[in-house]
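Have a look at model.csv below; it lists CSV, C-alpha atoms.
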chain,number,residue,atom,x,y,z
M,1,MET,CA,147.1,-95.5,-73.0
M,2,ILE,CA,145.5,-97.7,-75.7
M,3,TYR,CA,142.0,-96.6,-74.5
M,4,LEU,CA,143.1,-92.9,-74.5
M,5,LYS,CA,144.5,-93.2,-78.0
M,6,SER,CA,141.3,-94.8,-79.1
M,7,LEU,CA,139.3,-92.0,-77.4
M,8,LEU,CA,141.3,-89.3,-79.1
M,9,SER,CA,140.9,-90.9,-82.5
M,10,ASN,CA,137.6,-89.0,-82.4
M,11,LEU,CA,138.8,-85.6,-83.6
M,12,TYR,CA,136.0,-83.7,-81.9
M,13,ILE,CA,137.0,-85.2,-78.5
M,14,LEU,CA,140.7,-84.4,-79.4
M,15,ALA,CA,139.8,-80.8,-80.2
M,16,PHE,CA,137.8,-80.3,-76.9
M,17,LEU,CA,140.2,-82.0,-74.6
M,18,SER,CA,143.4,-80.5,-76.1
M,19,GLY,CA,141.9,-77.0,-75.9
M,20,LEU,CA,140.6,-77.5,-72.4
M,21,ILE,CA,143.8,-78.9,-71.0
M,22,THR,CA,145.8,-76.1,-72.7
M,23,PHE,CA,143.5,-73.6,-71.0
M,24,PHE,CA,144.1,-75.1,-67.6
M,25,ILE,CA,147.8,-75.2,-68.1
M,26,ALA,CA,147.9,-71.5,-69.2
M,27,ASN,CA,145.7,-70.6,-66.3
M,28,ARG,CA,148.3,-72.1,-63.9
M,29,ILE,CA,151.2,-70.4,-65.7
M,30,TYR,CA,150.1,-66.8,-65.6
M,31,PRO,CA,149.9,-66.1,-61.9
M,32,PRO,CA,153.6,-66.9,-61.2
M,33,LEU,CA,154.6,-65.4,-64.6
M,34,ILE,CA,152.9,-62.1,-63.7
M,35,TRP,CA,154.5,-62.1,-60.2
M,36,THR,CA,157.9,-62.8,-61.7
M,37,LEU,CA,157.5,-60.0,-64.3
M,38,ARG,CA,156.5,-57.5,-61.6
M,39,HIS,CA,159.2,-58.6,-59.3
M,40,LYS,CA,161.9,-58.2,-62.0
M,41,GLU,CA,160.2,-55.0,-63.1
M,42,LEU,CA,159.7,-56.3,-66.7
M,43,MET,CA,156.8,-54.0,-67.3
M,44,ASP,CA,155.4,-52.0,-70.2
M,45,GLU,CA,155.5,-48.3,-69.3
M,46,PRO,CA,152.9,-46.0,-71.0
M,47,ASP,CA,154.3,-43.6,-73.6
M,48,HIS,CA,152.8,-41.2,-76.2
M,49,ARG,CA,151.7,-44.2,-78.3
M,50,SER,CA,150.2,-46.3,-75.5
M,51,THR,CA,146.5,-46.8,-75.1
M,52,HIS,CA,146.8,-47.6,-71.4
M,53,GLY,CA,147.8,-45.4,-68.4
M,54,GLU,CA,149.3,-47.9,-66.0
M,55,ILE,CA,152.6,-49.8,-65.8
M,56,THR,CA,151.7,-53.4,-66.8
M,57,PRO,CA,153.5,-56.7,-67.1
M,58,THR,CA,154.2,-57.7,-70.7
M,59,MET,CA,155.5,-60.9,-72.3
M,60,GLY,CA,152.2,-62.7,-72.0
M,61,GLY,CA,153.3,-64.6,-75.1
M,62,VAL,CA,155.6,-66.6,-72.9
M,63,GLY,CA,152.5,-68.2,-71.2
M,64,ILE,CA,150.9,-68.8,-74.6
M,65,HIS,CA,154.0,-70.4,-76.0
M,66,ILE,CA,154.7,-72.7,-73.0
M,67,SER,CA,151.1,-73.9,-72.8
M,68,PHE,CA,150.8,-74.4,-76.5
M,69,THR,CA,154.0,-76.2,-77.0
M,70,PHE,CA,153.6,-78.5,-73.9
M,71,THR,CA,150.1,-79.6,-74.8
M,72,LEU,CA,150.8,-80.0,-78.5
M,73,ILE,CA,153.8,-82.3,-77.8
M,74,ILE,CA,151.8,-84.4,-75.3
M,75,PHE,CA,148.8,-84.9,-77.5
M,76,ALA,CA,150.9,-85.5,-80.6
M,77,SER,CA,152.8,-88.2,-78.6
M,78,ILE,CA,149.6,-89.9,-77.5
M,79,ILE,CA,147.7,-90.0,-80.8
M,80,GLY,CA,150.8,-91.1,-82.8
M,81,LEU,CA,151.2,-89.0,-85.9
M,82,GLN,CA,152.8,-90.1,-89.2
M,83,SER,CA,156.4,-89.2,-89.8
M,84,GLU,CA,155.5,-86.4,-92.2
M,85,ASP,CA,153.4,-84.7,-89.5
M,86,LEU,CA,156.1,-85.2,-86.8
M,87,ILE,CA,158.5,-83.3,-89.1
M,88,ARG,CA,155.9,-80.6,-89.4
M,89,ILE,CA,155.6,-80.4,-85.6
M,90,LEU,CA,159.3,-80.2,-85.1
M,91,ALA,CA,159.6,-77.5,-87.7
M,92,LEU,CA,156.8,-75.6,-86.1
M,93,MET,CA,158.3,-75.8,-82.7
M,94,GLY,CA,161.7,-74.6,-84.0
M,95,ALA,CA,160.1,-71.7,-85.8
M,96,THR,CA,158.0,-70.6,-82.8
M,97,MET,CA,161.0,-70.9,-80.5
M,98,ILE,CA,163.0,-68.5,-82.7
M,99,LEU,CA,160.1,-66.0,-82.6
M,100,LEU,CA,159.7,-66.4,-78.9
M,101,PHE,CA,163.3,-65.5,-78.2
M,102,LEU,CA,163.2,-62.7,-80.7
M,103,GLY,CA,160.0,-61.3,-79.0
M,104,VAL,CA,161.5,-61.6,-75.5
M,105,LYS,CA,164.6,-59.7,-76.6
M,106,ASP,CA,162.4,-57.0,-78.3
M,107,ASP,CA,160.3,-56.7,-75.2
M,108,LEU,CA,163.5,-56.3,-73.0
M,109,VAL,CA,165.7,-54.2,-75.3
M,110,ALA,CA,164.4,-53.0,-78.7
M,111,VAL,CA,165.5,-55.0,-81.7
M,112,THR,CA,166.1,-53.2,-84.9
M,113,PRO,CA,163.5,-53.7,-87.6
M,114,LYS,CA,166.1,-55.3,-89.9
M,115,LYS,CA,167.2,-57.9,-87.3
M,116,LYS,CA,163.5,-58.6,-86.5
M,117,ILE,CA,162.6,-59.2,-90.1
M,118,MET,CA,165.7,-61.4,-90.5
M,119,GLY,CA,164.6,-63.6,-87.6
M,120,GLN,CA,161.1,-63.8,-88.9
M,121,VAL,CA,162.3,-64.8,-92.4
M,122,VAL,CA,164.4,-67.6,-90.8
M,123,ALA,CA,161.4,-68.9,-88.8
M,124,ALA,CA,159.1,-68.8,-91.9
M,125,ALA,CA,161.7,-70.5,-94.1
M,126,ILE,CA,162.0,-73.4,-91.6
M,127,VAL,CA,158.2,-74.1,-91.9
M,128,VAL,CA,158.0,-73.6,-95.6
M,129,LEU,CA,161.1,-75.6,-96.5
M,130,LEU,CA,161.2,-78.3,-93.9
M,131,ALA,CA,157.4,-78.8,-93.2
M,132,ASP,CA,156.5,-78.0,-96.8
M,133,ILE,CA,153.6,-75.8,-95.7
M,134,ARG,CA,153.2,-73.3,-98.5
M,135,LEU,CA,150.8,-71.8,-101.0
M,136,PHE,CA,150.6,-74.1,-104.0
M,137,SER,CA,148.0,-72.3,-106.2
M,138,PHE,CA,146.0,-69.1,-106.5
M,139,GLU,CA,143.1,-71.3,-107.7
M,140,GLY,CA,142.6,-69.1,-110.8
M,141,LEU,CA,142.6,-65.7,-109.0
M,142,MET,CA,143.5,-63.1,-111.7
M,143,GLY,CA,144.2,-66.0,-114.0
M,144,ILE,CA,147.0,-67.5,-111.8
M,145,GLY,CA,146.9,-71.2,-111.1
M,146,VAL,CA,149.6,-73.5,-109.8
M,147,LEU,CA,152.7,-71.6,-108.7
M,148,PRO,CA,156.3,-72.7,-109.7
M,149,TYR,CA,158.1,-74.1,-106.7
M,150,SER,CA,160.5,-71.2,-106.2
M,151,VAL,CA,157.6,-68.7,-106.5
M,152,SER,CA,155.6,-70.7,-104.1
M,153,VAL,CA,158.4,-70.8,-101.5
M,154,LEU,CA,159.2,-67.1,-101.7
M,155,PHE,CA,155.6,-66.0,-101.6
M,156,SER,CA,154.7,-68.3,-98.7
M,157,ILE,CA,157.6,-66.9,-96.7
M,158,PHE,CA,156.4,-63.4,-97.5
M,159,VAL,CA,152.9,-64.3,-96.4
M,160,LEU,CA,154.1,-65.6,-93.0
M,161,VAL,CA,156.4,-62.6,-92.3
M,162,ALA,CA,153.7,-60.2,-93.4
M,163,MET,CA,151.1,-61.7,-91.1
M,164,ILE,CA,153.5,-61.8,-88.2
M,165,ASN,CA,153.9,-58.1,-88.5
M,166,ALA,CA,150.2,-57.4,-89.3
M,167,PHE,CA,149.1,-59.2,-86.2
M,168,ASN,CA,151.7,-57.4,-84.1
M,169,LEU,CA,150.3,-54.1,-85.3
M,170,ILE,CA,146.8,-54.8,-84.2
M,171,ASP,CA,147.8,-55.7,-80.6
M,172,GLY,CA,146.9,-52.3,-79.3
M,173,VAL,CA,143.9,-52.7,-77.0
M,174,ASP,CA,142.9,-55.3,-74.4
M,175,GLY,CA,141.3,-58.3,-75.9
M,176,LEU,CA,141.6,-57.3,-79.6
M,177,ALA,CA,144.5,-59.5,-80.7
M,178,GLY,CA,143.3,-62.4,-78.6
M,179,GLY,CA,139.7,-62.0,-79.9
M,180,ILE,CA,140.8,-61.9,-83.5
M,181,ALA,CA,143.1,-64.9,-82.9
M,182,LEU,CA,140.1,-66.9,-81.5
M,183,VAL,CA,138.0,-66.2,-84.5
M,184,VAL,CA,140.7,-67.1,-87.0
M,185,SER,CA,141.8,-70.2,-85.2
M,186,ALA,CA,138.2,-71.4,-84.7
M,187,THR,CA,137.4,-70.9,-88.3
M,188,PHE,CA,140.3,-72.9,-89.6
M,189,GLY,CA,139.9,-75.4,-86.8
M,190,ILE,CA,136.4,-76.3,-87.9
M,191,PHE,CA,137.6,-76.7,-91.5
M,192,PHE,CA,140.4,-79.1,-90.2
M,193,LEU,CA,137.8,-81.1,-88.2
M,194,LEU,CA,135.7,-81.5,-91.3
M,195,ASN,CA,138.8,-82.8,-93.2
M,196,ASN,CA,139.8,-85.2,-90.4
M,197,ASN,CA,143.4,-83.8,-90.1
M,198,PRO,CA,144.6,-84.5,-86.5
M,199,LEU,CA,147.8,-82.4,-86.7
M,200,PHE,CA,146.1,-79.2,-87.9
M,201,VAL,CA,143.1,-79.8,-85.5
M,202,LEU,CA,145.6,-79.9,-82.6
M,203,VAL,CA,147.4,-76.7,-83.7
M,204,SER,CA,144.0,-74.8,-84.0
M,205,PHE,CA,142.4,-76.0,-80.8
M,206,VAL,CA,145.5,-76.0,-78.6
M,207,LEU,CA,146.1,-72.4,-79.7
M,208,ILE,CA,142.4,-71.6,-78.8
M,209,GLY,CA,142.9,-73.0,-75.3
M,210,ALA,CA,146.2,-71.0,-74.9
M,211,ILE,CA,144.5,-67.8,-76.1
M,212,ILE,CA,141.5,-68.1,-73.8
M,213,GLY,CA,143.9,-68.7,-70.9
M,214,PHE,CA,145.7,-65.5,-71.8
M,215,LEU,CA,142.5,-63.4,-72.3
M,216,ARG,CA,141.4,-64.2,-68.8
M,217,TYR,CA,144.3,-62.2,-67.5
M,218,ASN,CA,144.6,-59.7,-70.4
M,219,LEU,CA,141.0,-58.6,-69.6
M,220,SER,CA,141.6,-58.6,-65.9
M,221,GLU,CA,141.8,-55.4,-63.9
M,222,LYS,CA,143.9,-56.7,-61.0
M,223,ASN,CA,146.2,-59.2,-62.8
M,224,LYS,CA,146.5,-57.7,-66.3
M,225,ILE,CA,149.2,-58.8,-68.6
M,226,PHE,CA,149.9,-57.8,-72.2
M,227,MET,CA,150.7,-60.2,-75.0
M,228,GLY,CA,153.8,-58.3,-76.0
M,229,ASP,CA,156.0,-59.1,-79.0
M,230,THR,CA,156.6,-62.5,-77.5
M,231,GLY,CA,152.9,-63.3,-78.1
M,232,SER,CA,151.9,-61.3,-81.1
M,233,MET,CA,154.7,-62.7,-83.3
M,234,VAL,CA,154.1,-66.3,-82.2
M,235,VAL,CA,150.4,-66.1,-82.5
M,236,GLY,CA,150.5,-64.2,-85.8
M,237,PHE,CA,152.8,-66.9,-87.1
M,238,LEU,CA,150.6,-69.8,-86.0
M,239,LEU,CA,147.5,-68.1,-87.6
M,240,SER,CA,149.3,-67.7,-90.9
M,241,PHE,CA,150.6,-71.3,-90.6
M,242,GLN,CA,146.9,-72.4,-90.3
M,243,ALA,CA,146.0,-70.3,-93.3
M,244,LEU,CA,148.6,-72.0,-95.5
M,245,ALA,CA,147.5,-75.4,-94.2
M,246,PHE,CA,143.9,-74.5,-95.0
M,247,LEU,CA,144.9,-73.6,-98.6
M,248,GLU,CA,146.9,-76.9,-98.9
M,249,LEU,CA,144.0,-79.1,-97.7
M,250,ASN,CA,141.4,-77.2,-99.6
M,251,ALA,CA,143.3,-77.7,-102.9
M,252,LEU,CA,143.5,-81.5,-102.5
M,253,GLU,CA,141.0,-83.5,-104.5
M,254,THR,CA,140.9,-86.1,-101.8
M,255,SER,CA,139.8,-83.7,-99.1
M,256,PRO,CA,136.4,-84.7,-97.6
M,257,PHE,CA,135.3,-81.0,-97.4
M,258,SER,CA,136.4,-78.0,-99.4
M,259,VAL,CA,135.2,-74.5,-100.3
M,260,SER,CA,135.4,-72.7,-103.6
M,261,ASN,CA,137.8,-69.8,-103.9
M,262,GLY,CA,140.2,-70.7,-101.0
M,263,PRO,CA,142.4,-67.6,-101.3
M,264,ILE,CA,139.4,-65.3,-100.9
M,265,MET,CA,138.3,-67.2,-97.8
M,266,VAL,CA,141.7,-66.7,-96.3
M,267,LEU,CA,141.6,-63.0,-97.1
M,268,ALA,CA,138.3,-62.7,-95.3
M,269,VAL,CA,139.4,-64.7,-92.3
M,270,LEU,CA,142.5,-62.5,-91.8
M,271,SER,CA,140.7,-59.4,-93.0
M,272,TYR,CA,141.1,-57.1,-90.0
M,273,PRO,CA,144.9,-57.4,-89.6
M,274,ILE,CA,145.4,-57.2,-93.3
M,275,MET,CA,143.1,-54.2,-93.8
M,276,ASP,CA,144.3,-52.3,-90.8
M,277,THR,CA,148.0,-52.8,-91.8
M,278,LEU,CA,147.4,-51.7,-95.4
M,279,ARG,CA,145.5,-48.7,-94.2
M,280,VAL,CA,148.2,-47.4,-91.8
M,281,PHE,CA,150.9,-48.1,-94.4
M,282,VAL,CA,149.1,-46.0,-97.0
M,283,LEU,CA,148.6,-43.1,-94.6
M,284,ARG,CA,152.2,-43.1,-93.5
M,285,ILE,CA,153.5,-43.2,-97.1
M,286,ARG,CA,151.0,-40.4,-98.0
M,287,ASP,CA,152.5,-38.3,-95.1
M,288,GLY,CA,156.0,-38.9,-96.3
M,289,ARG,CA,157.0,-41.3,-93.5
M,290,SER,CA,158.3,-44.8,-93.4
M,291,PRO,CA,155.4,-47.3,-93.5
M,292,PHE,CA,157.1,-49.0,-90.4
M,293,SER,CA,157.1,-45.8,-88.3
M,294,ALA,CA,154.9,-45.9,-85.2
M,295,ASP,CA,151.9,-43.7,-84.7
M,296,ARG,CA,148.4,-43.7,-83.3
M,297,ASN,CA,146.5,-44.0,-86.6
M,298,HIS,CA,145.3,-47.6,-86.3
M,299,ILE,CA,141.5,-48.2,-86.4
M,300,HIS,CA,141.5,-49.1,-82.7
M,301,HIS,CA,143.2,-45.8,-81.9
M,302,ARG,CA,140.5,-43.9,-83.9
M,303,LEU,CA,137.7,-45.8,-82.1
M,304,LEU,CA,139.3,-45.0,-78.7
M,305,ARG,CA,139.3,-41.3,-79.6
M,306,LEU,CA,135.5,-41.6,-80.1
M,307,GLY,CA,135.3,-42.4,-76.4
M,308,MET,CA,134.9,-46.1,-76.7
M,309,LYS,CA,136.5,-48.4,-74.1
M,310,HIS,CA,139.0,-51.2,-74.8
M,311,LYS,CA,136.5,-54.0,-74.5
M,312,GLN,CA,134.0,-52.2,-76.7
M,313,VAL,CA,136.7,-51.6,-79.4
M,314,ALA,CA,137.7,-55.3,-79.3
M,315,LEU,CA,134.1,-56.5,-79.4
M,316,LEU,CA,133.3,-54.3,-82.4
M,317,LEU,CA,136.3,-55.2,-84.5
M,318,VAL,CA,136.0,-58.9,-83.7
M,319,PHE,CA,132.3,-58.6,-84.9
M,320,VAL,CA,133.5,-56.9,-88.1
M,321,ASN,CA,135.9,-59.8,-88.8
M,322,VAL,CA,133.2,-62.4,-88.2
M,323,PHE,CA,130.9,-60.4,-90.5
M,324,LEU,CA,133.5,-60.5,-93.3
M,325,ILE,CA,134.1,-64.2,-92.9
M,326,GLU,CA,130.3,-64.8,-93.1
M,327,PHE,CA,130.1,-62.5,-96.1
M,328,ALA,CA,132.8,-64.4,-97.9
M,329,PHE,CA,131.2,-67.8,-97.1
M,330,LEU,CA,127.8,-66.7,-98.4
M,331,THR,CA,129.3,-65.4,-101.7
M,332,ASN,CA,131.5,-68.4,-102.1
M,333,ASP,CA,129.6,-69.7,-105.2
M,334,PHE,CA,130.6,-66.7,-107.3
M,335,LEU,CA,133.6,-66.9,-109.7
M,336,ILE,CA,136.8,-66.2,-107.8
M,337,ASP,CA,137.6,-62.9,-109.4
M,338,THR,CA,134.0,-61.7,-108.9
M,339,GLN,CA,134.1,-62.7,-105.2
M,340,PHE,CA,137.5,-61.1,-104.8
M,341,LEU,CA,136.0,-57.8,-106.0
M,342,MET,CA,132.9,-58.3,-103.7
M,343,VAL,CA,135.1,-58.9,-100.7
M,344,LEU,CA,137.2,-55.9,-101.5
M,345,GLY,CA,134.0,-53.9,-101.7
M,346,THR,CA,133.5,-54.4,-98.0
M,347,VAL,CA,136.8,-52.6,-97.3
M,348,PRO,CA,135.1,-49.1,-97.1
M,349,PHE,CA,132.9,-50.4,-94.3
M,350,VAL,CA,135.9,-51.2,-92.2
M,351,PHE,CA,137.7,-48.0,-93.2
M,352,THR,CA,134.9,-45.7,-92.3
M,353,LEU,CA,134.5,-47.2,-88.8
M,354,PRO,CA,136.9,-44.8,-87.2
M,355,PHE,CA,135.0,-41.9,-88.6
M,356,THR,CA,131.5,-43.0,-87.7
M,357,ASN,CA,129.8,-42.5,-84.3
M,358,VAL,CA,129.3,-46.2,-83.8
M,359,ARG,CA,127.7,-45.6,-80.4
M,360,LYS,CA,124.6,-44.3,-82.2
M,361,LEU,CA,124.6,-47.1,-84.8
M,362,LEU,CA,125.0,-49.9,-82.3
M,363,PRO,CA,123.8,-48.7,-78.9
M,364,LYS,CA,122.9,-52.1,-77.5
M,365,MET,CA,126.4,-53.5,-78.2
M,366,PHE,CA,128.0,-50.7,-76.1
M,367,ALA,CA,125.7,-51.0,-73.2
M,368,VAL,CA,128.1,-53.5,-71.7
Show me the file's structure as structure tokens.
Amino acid sequence: MIYLKSLLSNLYILAFLSGLITFFIANRIYPPLIWTLRHKELMDEPDHRSTHGEITPTMGGVGIHISFTFTLIIFASIIGLQSEDLIRILALMGATMILLFLGVKDDLVAVTPKKKIMGQVVAAAIVVLLADIRLFSFEGLMGIGVLPYSVSVLFSIFVLVAMINAFNLIDGVDGLAGGIALVVSATFGIFFLLNNNPLFVLVSFVLIGAIIGFLRYNLSEKNKIFMGDTGSMVVGFLLSFQALAFLELNALETSPFSVSNGPIMVLAVLSYPIMDTLRVFVLRIRDGRSPFSADRNHIHHRLLRLGMKHKQVALLLVFVNVFLIEFAFLTNDFLIDTQFLMVLGTVPFVFTLPFTNVRKLLPKMFAV
């Protein structure tokens, strides 16, 4: 055990082994989970909003949550975290458990939006208040610096809840939500590695392993499973948790590595779910409907109507998200307000994707 603890003190080894073991655990969980869901007829039946035509097991988030939680606890026990980090892990586990049960109930019997939001607020408040993971400063964006405690708490809860729902909304085609989650978690995970933070490294790379394990079956033709609300809410929450952790570490003067304009980097990393959600909300309000009403107006729906396949849509949108992250990184030396406007200037690129014949623009990408 002493040798193992010493080995895992190298965060790169910790990241690799924790992600790899999580993948193997997830890979063992899904076959019996899929069998059980089929046997109990806990399936997602296609309707007018569906992008698939076959009855498919849902609740893939159960496998993500089990593999993530089990591995995180095991590795946290081995490496021996400080008391502050242990409190953060307990808060994180409690919050994700609430979201898991909320998602299971919603996948079984529809939960009203009001009750769903209430549960999400409780989960977010646990992490913000108990783990003290929150947005401390806007770093000068629009002249806003350090936030008062009450404003910081309320805004951080809002960010967590908003991202839970934004990520839930993009879970519409095979591989999309999982692919975006991989990009986001890998980006934050590299930052946490450079800052020698074992807790956040674990969260990032354990989630990566769980997502890769899920994607193997989500992209399968014979043993397909959907993420469901059980997964999209938990994964969206863990990604926004990492975003707040990134902003916290980035603002510390003692951090070995930091980037300028942290809030803009977060906007870029989470750009696709944020942009797609804002887009459909604006369209729904314009049409006189509730922004929370369901439709087939998401970017992935528009791309499917162009004749693209699920994997092609997922590949393109993940590529767009990576492009926006790289763009933000390359423009990171500009003043924060200037970079904010530059990043916002890329929004039309994403918005026009559904109305552009991308097959002609990127023929090689869609030869797969």
Answer as an mmCIF file with C-alpha atoms, in the coordinates of the input, residues within 8 Å of (151.3, -47.6, -87.2) using only C-alpha atoms:
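Contents of result.cif, freshly written:
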data_model
loop_
_atom_site.group_PDB
_atom_site.id
_atom_site.type_symbol
_atom_site.label_atom_id
_atom_site.label_comp_id
_atom_site.auth_asym_id
_atom_site.auth_seq_id
_atom_site.Cartn_x
_atom_site.Cartn_y
_atom_site.Cartn_z
ATOM 1 C CA LEU M 169 150.300 -54.100 -85.300
ATOM 2 C CA THR M 277 148.000 -52.800 -91.800
ATOM 3 C CA VAL M 280 148.200 -47.400 -91.800
ATOM 4 C CA PHE M 281 150.900 -48.100 -94.400
ATOM 5 C CA ARG M 284 152.200 -43.100 -93.500
ATOM 6 C CA PRO M 291 155.400 -47.300 -93.500
ATOM 7 C CA PHE M 292 157.100 -49.000 -90.400
ATOM 8 C CA SER M 293 157.100 -45.800 -88.300
ATOM 9 C CA ALA M 294 154.900 -45.900 -85.200
ATOM 10 C CA ASP M 295 151.900 -43.700 -84.700
ATOM 11 C CA ARG M 296 148.400 -43.700 -83.300
ATOM 12 C CA ASN M 297 146.500 -44.000 -86.600
ATOM 13 C CA HIS M 298 145.300 -47.600 -86.300
#
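For the residues M:Asn250, M:Ile13, M:Asn27, M:Ala131, ranking by smallest atom-to-atom distance to Arg88 in chain M using all atoms listed in the file places M:Ala131 first.
CA of Leu154 in chain M is found 28.3 Å from CA of Phe205 in chain M.
Among the candidates M:Ile157, M:Val128, M:Leu4, M:Met142, the residue lying nearest to Pro263 in chain M is M:Met142 (atoms considered: only C-alpha atoms).
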Using only C-alpha atoms, find the one residue out of M:Leu14, M:Ala186, M:Ile29, M:Ile2 that sits nearest to Val322 in chain M.
-> M:Ala186
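Using only C-alpha atoms, the nearest neighbour of Ala15 in chain M within the list M:Ile164, M:Val206, M:Ile78, M:Ile87 is M:Val206.
Taking CA of Met233 in chain M and CA of Phe23 in chain M as endpoints, the distance between them is 19.9 Å.
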